[in-house]
Amino acid sequence: MSPSIQSPRLAARAIIIHNDRLLLVNAYPKHHLGLWCAPGGGVERGSSIPDNLIREVFEETGLTITVGELALINEFHDPKSGFHQVDLIFRCTLVKGQIDPDWKDIAGVVSKRKWASAAEMTRLVVKPSTLSDVAFAKAGARSALYDPLEVIRN
């Protein structure tokens, strides 16, 4: 039986660097599959992509950010379910807040948050796989990239 056909879901994610570390959150409820990703989530109709991203980051982390330039377009899919998502990943600046271990994501998805250095990220399973390279790129190498469609996890 083939997966049902669905339109791709649009999401926005934030590259937030603080003290030479990138903010990561668990990609699935209860850290299923052990994947880490940049904070963010689905874009709601009637609200701009930056406004959606500001809302999503606050809901997942309690942090207030400003949204900067587009850094990466990533898309991924799950061949079993047919789920397909396009992430617009922006460079963001932390304006206010710090990670509170007692913070509760209102959607119940994010339960783990961590700041990771470039070296630490080599030991983590992170999606998209190019996130570390893009996040820690030198200023002159910062133009938006397209990360080709990849399977979530086999």
# chains A, B, ... in the order shown; residues from 1 in each chain; ligands from 1
>>> select_by_dssp(residues="chain A", states="helix (DSSP H, G or I)", output="PyMOL selection string")
chain A and resi 29-34+49-61+118-121+131-135+139-141
>>> closest_atom_pairs(of="region 3-54 of chain A", to="region 110-117 of chain A", cutoff="12 Å", atoms="only C-alpha atoms", output="tab-separated table")
residue	atom	partner	partner_atom	distance
A:Ile15	CA	A:Trp115	CA	11.2
A:Ile16	CA	A:Trp115	CA	9.3
A:Ile17	CA	A:Trp115	CA	8.4
A:His18	CA	A:Trp115	CA	8.0
A:Asn19	CA	A:Ser117	CA	8.9
A:Asp20	CA	A:Ser117	CA	6.3
A:Arg21	CA	A:Ser117	CA	4.4
A:Leu22	CA	A:Ala116	CA	5.2
A:Leu23	CA	A:Trp115	CA	4.5
A:Leu24	CA	A:Lys114	CA	5.3
A:Val25	CA	A:Arg113	CA	4.5
A:Asn26	CA	A:Lys112	CA	5.5
A:Ala27	CA	A:Val110	CA	7.2
A:Tyr28	CA	A:Val110	CA	7.1
A:Pro29	CA	A:Val110	CA	6.2
A:Lys30	CA	A:Ser111	CA	6.5
A:His31	CA	A:Lys112	CA	7.4
A:His32	CA	A:Ser111	CA	10.8
A:Gly34	CA	A:Lys112	CA	10.4
A:Leu35	CA	A:Lys112	CA	10.6
A:Trp36	CA	A:Arg113	CA	8.9
A:Cys37	CA	A:Arg113	CA	9.7
A:Ala38	CA	A:Arg113	CA	9.7
A:Pro39	CA	A:Val110	CA	8.7
A:Gly40	CA	A:Val110	CA	10.0
A:Gly41	CA	A:Val110	CA	10.6
